[in-house]
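Asker: Sharing run21.txt, compact mmCIF, C-alpha atoms:
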```txt
# COMPACT_ATOMS: atom_id res chain seq x y z
CA MET A 1 -40.43 91.75 126.10
CA ASN A 2 -42.49 91.90 122.96
CA GLY A 3 -40.10 90.18 120.58
CA VAL A 4 -37.27 92.67 121.05
CA PRO A 5 -35.00 91.83 124.01
CA LEU A 6 -33.80 94.48 126.42
CA SER A 7 -30.16 94.04 125.44
CA TRP A 8 -30.86 95.27 121.89
CA TYR A 9 -32.06 98.57 123.25
CA LEU A 10 -29.01 98.79 125.52
CA VAL A 11 -26.61 98.11 122.64
CA LEU A 12 -28.36 100.71 120.50
CA SER A 13 -28.12 103.16 123.36
CA ALA A 14 -24.40 102.43 123.80
CA ILE A 15 -23.74 103.02 120.10
CA LEU A 16 -25.74 106.26 120.19
CA PHE A 17 -23.82 107.46 123.24
CA SER A 18 -20.48 106.63 121.60
CA LEU A 19 -21.53 108.58 118.49
CA GLY A 20 -22.35 111.53 120.73
CA VAL A 21 -18.92 111.30 122.39
CA ALA A 22 -17.29 111.11 118.95
CA GLY A 23 -19.14 114.22 117.77
CA PHE A 24 -18.25 116.05 120.97
CA LEU A 25 -14.54 115.29 120.63
CA PHE A 26 -14.08 115.49 116.86
CA ARG A 27 -16.02 118.55 115.82
CA ARG A 28 -14.75 122.10 116.22
CA ASN A 29 -17.99 124.03 115.75
CA ILE A 30 -19.57 124.85 119.12
CA ILE A 31 -23.13 124.39 117.81
CA THR A 32 -22.36 120.89 116.54
CA ILE A 33 -20.71 120.07 119.86
CA PHE A 34 -23.96 121.11 121.52
CA MET A 35 -25.96 118.84 119.24
CA SER A 36 -23.68 115.94 120.21
CA ILE A 37 -24.57 116.57 123.85
CA GLU A 38 -28.24 116.23 122.91
CA LEU A 39 -27.42 112.90 121.24
CA MET A 40 -25.81 111.62 124.44
CA LEU A 41 -28.77 112.75 126.54
CA ASN A 42 -31.09 110.88 124.19
CA ALA A 43 -29.05 107.71 124.52
CA VAL A 44 -29.37 107.87 128.30
CA ASN A 45 -33.11 108.55 128.04
CA LEU A 46 -33.52 105.50 125.83
CA THR A 47 -31.79 103.35 128.45
CA PHE A 48 -34.09 104.69 131.17
CA ILE A 49 -37.21 103.90 129.14
CA ALA A 50 -36.00 100.43 128.14
CA PHE A 51 -35.28 99.46 131.76
CA SER A 52 -38.55 101.04 132.85
CA TYR A 53 -40.40 98.86 130.37
CA ASP A 54 -38.50 95.75 131.37
CA LEU A 55 -39.14 96.26 135.09
CA ARG A 56 -42.75 97.38 134.50
CA GLN A 57 -42.23 100.54 136.51
CA VAL A 58 -43.00 104.11 135.63
CA ASN A 59 -40.13 105.74 137.54
CA GLY A 60 -37.83 105.67 134.52
CA HIS A 61 -40.34 107.76 132.61
CA ILE A 62 -40.22 110.38 135.38
CA PHE A 63 -36.42 110.49 135.20
CA THR A 64 -36.54 110.89 131.43
CA PHE A 65 -39.04 113.68 131.87
CA PHE A 66 -36.67 115.52 134.21
CA VAL A 67 -33.72 114.94 131.87
CA MET A 68 -35.77 116.57 129.10
CA VAL A 69 -36.54 119.55 131.36
CA VAL A 70 -32.86 120.00 132.17
CA ALA A 71 -31.95 119.56 128.48
CA ALA A 72 -34.38 122.32 127.51
CA ALA A 73 -32.96 124.67 130.15
CA GLU A 74 -29.42 123.77 129.12
CA ALA A 75 -30.16 124.39 125.44
CA ALA A 76 -31.68 127.82 126.18
CA VAL A 77 -28.78 129.00 128.35
CA GLY A 78 -26.14 127.38 126.16
CA LEU A 79 -27.43 128.93 122.96
CA ALA A 80 -27.56 132.33 124.69
CA ILE A 81 -23.90 131.82 125.64
CA ILE A 82 -23.11 130.84 122.02
CA LEU A 83 -24.77 134.03 120.75
CA THR A 84 -22.77 136.13 123.24
CA VAL A 85 -19.52 134.41 122.26
CA TYR A 86 -20.25 135.03 118.60
CA LYS A 87 -21.03 138.70 119.31
CA ASN A 88 -17.79 139.22 121.23
CA ARG A 89 -15.36 137.03 119.29
CA GLY A 90 -16.89 136.78 115.83
CA THR A 91 -16.16 133.06 115.64
CA LEU A 92 -17.73 129.81 116.79
CA ASN A 93 -14.64 127.68 116.42
CA ALA A 94 -13.91 125.93 119.71
CA ASP A 95 -10.13 126.12 119.09
CA ASP A 96 -10.21 129.92 118.70
CA VAL A 97 -12.15 130.57 121.89
CA ASN A 98 -9.20 129.82 124.15
CA SER A 99 -8.79 132.78 126.54
CA LEU A 100 -9.04 130.46 129.52
CA ARG A 101 -6.47 128.00 128.21
CA PHE A 102 -3.60 127.37 130.59
CA MET B 103 -42.33 89.95 114.44
CA LEU B 104 -43.78 93.33 113.54
CA ASP B 105 -42.07 94.77 116.63
CA THR B 106 -38.70 93.60 115.37
CA VAL B 107 -39.29 95.16 111.96
CA PHE B 108 -40.22 98.47 113.54
CA PHE B 109 -37.27 98.25 115.93
CA TYR B 110 -34.89 97.91 112.99
CA LEU B 111 -36.62 100.72 111.14
CA PHE B 112 -36.36 103.16 114.03
CA THR B 113 -32.81 102.02 114.79
CA LEU B 114 -31.84 102.77 111.20
CA LEU B 115 -33.44 106.22 111.52
CA THR B 116 -31.73 106.91 114.84
CA LEU B 117 -28.24 105.71 113.99
CA GLY B 118 -28.27 107.05 110.43
CA GLY B 119 -29.35 110.45 111.68
CA ALA B 120 -26.75 110.41 114.44
CA ILE B 121 -23.88 109.44 112.11
CA LEU B 122 -24.82 112.13 109.61
CA THR B 123 -25.21 114.68 112.43
CA VAL B 124 -21.64 114.07 113.46
CA ALA B 125 -20.24 113.79 109.94
CA THR B 126 -21.85 116.54 107.84
CA ARG B 127 -20.00 119.79 107.22
CA ASN B 128 -22.96 122.18 107.18
CA ALA B 129 -24.45 123.02 110.60
CA VAL B 130 -28.00 123.34 109.23
CA HIS B 131 -27.80 119.87 107.69
CA SER B 132 -26.42 118.62 110.99
CA ALA B 133 -29.46 120.01 112.83
CA LEU B 134 -31.88 118.48 110.31
CA PHE B 135 -30.24 115.06 110.64
CA LEU B 136 -30.39 115.41 114.42
CA ILE B 137 -34.14 115.95 114.08
CA THR B 138 -34.33 112.67 112.13
CA SER B 139 -32.41 110.93 114.89
CA LEU B 140 -34.67 112.36 117.60
CA LEU B 141 -37.74 111.21 115.68
CA GLY B 142 -36.26 107.70 115.54
CA VAL B 143 -35.80 107.75 119.31
CA ALA B 144 -39.41 108.93 119.67
CA GLY B 145 -40.51 105.92 117.63
CA LEU B 146 -38.54 103.64 119.94
CA TYR B 147 -40.34 105.22 122.90
CA LEU B 148 -43.63 104.30 121.25
CA LEU B 149 -42.36 100.75 120.82
CA LEU B 150 -41.60 100.67 124.56
CA HIS B 151 -45.14 101.82 125.44
CA ALA B 152 -44.01 105.25 126.64
CA GLU B 153 -46.74 107.15 124.82
CA PHE B 154 -46.52 110.27 126.97
CA LEU B 155 -42.78 110.64 126.46
CA PHE B 156 -43.22 109.98 122.74
CA ALA B 157 -45.39 113.09 122.56
CA VAL B 158 -43.09 115.08 124.85
CA GLN B 159 -40.05 114.09 122.78
CA ILE B 160 -41.63 115.36 119.58
CA ILE B 161 -43.08 118.54 121.12
CA VAL B 162 -40.13 119.57 123.31
CA TYR B 163 -37.12 118.24 121.39
CA VAL B 164 -38.18 118.43 117.76
CA GLY B 165 -40.61 121.32 118.13
CA GLY B 166 -38.75 123.35 120.75
CA ILE B 167 -35.07 122.67 121.19
CA MET B 168 -34.23 121.97 117.56
CA VAL B 169 -36.12 125.03 116.34
CA LEU B 170 -34.09 127.04 118.86
CA PHE B 171 -30.91 125.50 117.40
CA LEU B 172 -31.97 126.40 113.87
CA PHE B 173 -32.75 129.97 114.94
CA VAL B 174 -29.30 130.36 116.48
CA ILE B 175 -27.64 128.89 113.38
CA MET B 176 -29.60 131.45 111.38
CA LEU B 177 -28.44 134.32 113.65
CA VAL B 178 -24.74 133.47 113.45
CA ASN B 179 -22.95 133.44 110.13
CA LEU B 180 -21.43 130.00 109.61
CA ASP B 181 -20.57 130.33 105.93
CA ALA B 182 -16.95 131.20 106.67
CA ALA B 183 -16.70 128.43 109.26
CA ALA B 184 -18.08 125.82 106.86
CA ALA B 185 -15.15 126.41 104.52
CA GLN B 186 -12.58 125.73 107.24
CA ARG B 187 -11.61 122.30 108.46
CA GLN B 188 -14.34 120.83 110.61
CA PHE B 189 -12.54 118.27 112.67
CA SER B 190 -10.19 118.82 115.55
CA ARG B 191 -6.45 118.60 114.99
CA MET B 192 -6.18 116.24 117.95
CA TRP B 193 -8.27 113.58 116.22
CA PRO B 194 -6.07 110.57 117.10
CA VAL B 195 -6.53 111.37 120.80
CA ALA B 196 -10.26 111.81 120.23
CA LEU B 197 -10.45 108.49 118.38
CA GLY B 198 -8.68 106.79 121.28
CA CYS B 199 -11.13 108.30 123.77
CA VAL B 200 -14.16 107.24 121.73
CA ALA B 201 -12.81 103.71 121.34
CA LEU B 202 -12.20 103.58 125.08
CA VAL B 203 -15.74 104.71 125.93
CA GLY B 204 -17.28 102.32 123.40
CA LEU B 205 -15.20 99.37 124.57
CA GLU B 206 -16.06 100.11 128.19
CA LEU B 207 -19.80 100.25 127.47
CA PHE B 208 -19.75 97.01 125.47
CA TYR B 209 -17.57 95.25 128.02
CA PHE B 210 -20.06 95.95 130.78
CA LEU B 211 -23.02 95.12 128.55
CA GLY B 212 -21.43 91.78 127.70
CA LYS B 213 -20.53 91.13 131.34
CA GLY B 214 -24.02 91.99 132.57
CA GLU B 215 -25.94 90.14 129.85
CA PRO B 216 -26.88 87.11 132.03
CA ALA B 217 -27.96 89.42 134.85
CA PHE B 218 -30.65 91.03 132.73
CA ARG B 219 -32.60 87.81 132.57
CA ILE B 220 -32.03 86.87 136.20
CA ALA B 221 -33.33 90.25 137.27
CA ALA B 222 -36.56 89.71 135.36
CA PRO B 223 -39.31 90.62 137.83
CA PRO B 224 -42.28 88.38 138.59
CA PRO B 225 -45.04 88.97 136.08
CA VAL B 226 -47.05 91.99 137.10
CA PRO B 227 -50.62 92.27 135.84
CA GLU B 228 -50.91 94.79 133.03
CA PRO B 229 -51.90 98.17 134.44
CA THR B 230 -55.41 99.26 133.70
CA ALA B 231 -54.71 102.99 133.67
CA GLY B 232 -53.07 104.62 130.65
CA ASN B 233 -49.41 105.58 130.50
CA THR B 234 -50.03 109.32 130.98
CA GLU B 235 -52.32 108.69 133.93
CA ARG B 236 -49.75 106.51 135.69
CA ILE B 237 -46.97 109.06 135.12
CA ALA B 238 -49.20 111.82 136.50
CA ASP B 239 -50.01 109.69 139.55
CA VAL B 240 -46.34 109.19 140.41
CA LEU B 241 -45.19 112.65 139.34
CA PHE B 242 -47.67 114.59 141.44
CA SER B 243 -47.33 112.46 144.57
CA GLN B 244 -43.93 110.84 144.92
CA TYR B 245 -41.96 113.32 142.82
CA LEU B 246 -43.81 116.52 143.66
CA LEU B 247 -40.81 118.39 145.12
CA PRO B 248 -38.46 117.63 142.18
CA PHE B 249 -41.26 118.73 139.86
CA GLU B 250 -41.49 122.11 141.59
CA ILE B 251 -37.69 122.48 141.60
CA ALA B 252 -37.70 121.75 137.86
CA SER B 253 -40.16 124.59 137.31
CA LEU B 254 -37.82 126.89 139.28
CA LEU B 255 -34.89 125.70 137.10
CA LEU B 256 -36.82 126.59 133.95
CA LEU B 257 -37.60 130.05 135.34
CA VAL B 258 -33.92 130.64 136.10
CA ALA B 259 -32.97 129.41 132.60
CA VAL B 260 -35.47 131.77 130.95
CA ILE B 261 -34.25 134.80 132.91
CA GLY B 262 -30.61 133.82 132.43
CA SER B 263 -30.85 133.41 128.68
CA VAL B 264 -32.70 136.70 128.28
CA VAL B 265 -30.10 138.55 130.38
CA MET B 266 -27.22 136.99 128.44
CA ALA B 267 -28.63 137.50 124.95
CA LYS B 268 -29.68 141.11 125.55
CA LYS B 269 -27.30 143.95 124.71
CA ARG B 270 -28.29 146.46 127.40
CA ILE B 271 -30.48 145.59 130.34
```
Render the structure in this file as structure tokens.
Answerer:
Amino acid sequence: MNGVPLSWYLVLSAILFSLGVAGFLFRRNIITIFMSIELMLNAVNLTFIAFSYDLRQVNGHIFTFFVMVVAAAEAAVGLAIILTVYKNRGTLNADDVNSLRF
Amino acid sequence: MLDTVFFYLFTLLTLGGAILTVATRNAVHSALFLITSLLGVAGLYLLLHAEFLFAVQIIVYVGGIMVLFLFVIMLVNLDAAAAQRQFSRMWPVALGCVALVGLELFYFLGKGEPAFRIAAPPPVPEPTAGNTERIADVLFSQYLLPFEIASLLLLVAVIGSVVMAKKRI
């Protein structure tokens, strides 16, 4: 490792993931919840790349690439769903969109 | 030495952006801080010699996904929502969950710390080909089928989002 040990990257990734979880659970705006999911995905990607560098293999890069593809697809479909919800309900508050609540 | 300085710089960018993303009231500000955070992660990729993914991160995430987010924020009216309370009423439960996840992650990191060094592989000679070339080699031979399935997934996502966002087909 070039001066920076692997564990630093892993700790950073853990903190980033926890922040994403915090945003996901605390916020009530659906768009911000979505952004928190992106944060969590980035934390996982960072772990993949750090291990890939440490093990001198390129497979982690491929996995990150696929995670990015899925994230792009997820963002497109999710934002379309958000637009539809806003059109039908007139709100983006996660607590008000509760038709499916038991 | 220089690596450490840059690591701290990009870490500051990443974590600062992430904290402000979660904490700011305005959704547009949230998105802009998320862009900062994603750029910090891109810098860390560069530090880890993942040049191809550095470019992909900036082009796809910052240039594509975040612009899509900003467009959607523009299309929906969030002025009324910004005045309301932003945080869930169940915040003590949420805080407990976050603490649990964080503690779990750090417990396993601390437990596995010695293993990282044991698992250090024998020194491999530095590859002669560039990062992009090596990724292409593996992607188009070993991972060819997942690559094709990913293209199918993107097609489905495009059609699905158009169908959902359209009023009348």
Asker: Write out as a list in words the residues lying within 8 Å of stretch 244-256 of chain B, counting only C-alpha atoms and excluding same-chain residues fewer than 5 positions away.
Answerer: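 Here the qualifying residues turn out to be Phe66, Val69, Val70 and Ala73 of chain A.
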Asker: Which of these, B:Leu211, B:Ala259, B:Ala144, B:Val169, has the shortest distance to A:Ser7 once you count only C-alpha atoms?
Answerer: B:Leu211
Asker: Tell me which of B:Thr138, B:Ala231, B:Lys269, B:Ser190 sits closest to chain A, counting only C-alpha atoms.
Answerer: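 Once distances to chain A are computed over only C-alpha atoms, the minimum belongs to B:Ser190.
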Asker: Quick one: everything within 7 Å of A:Phe24, counting only C-alpha atoms, minus sequence neighbours fewer than 6 positions away in the same chain. Send it as a ChimeraX atom specification.
Answerer: /A:33,36-37
Asker: What is the atom CA of A:Asn59 to atom CA of A:Asn42 distance in Å?
Answerer: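 Value for the atom CA of A:Asn59-atom CA of A:Asn42 distance: 16.9 Å.
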Asker: With distances taken over only C-alpha atoms, which residue among B:Leu170, B:Leu150, B:Ala185, B:Leu141 lies nearest A:Asn29?
Answerer: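 Selected residue with least distance to A:Asn29: B:Ala185.
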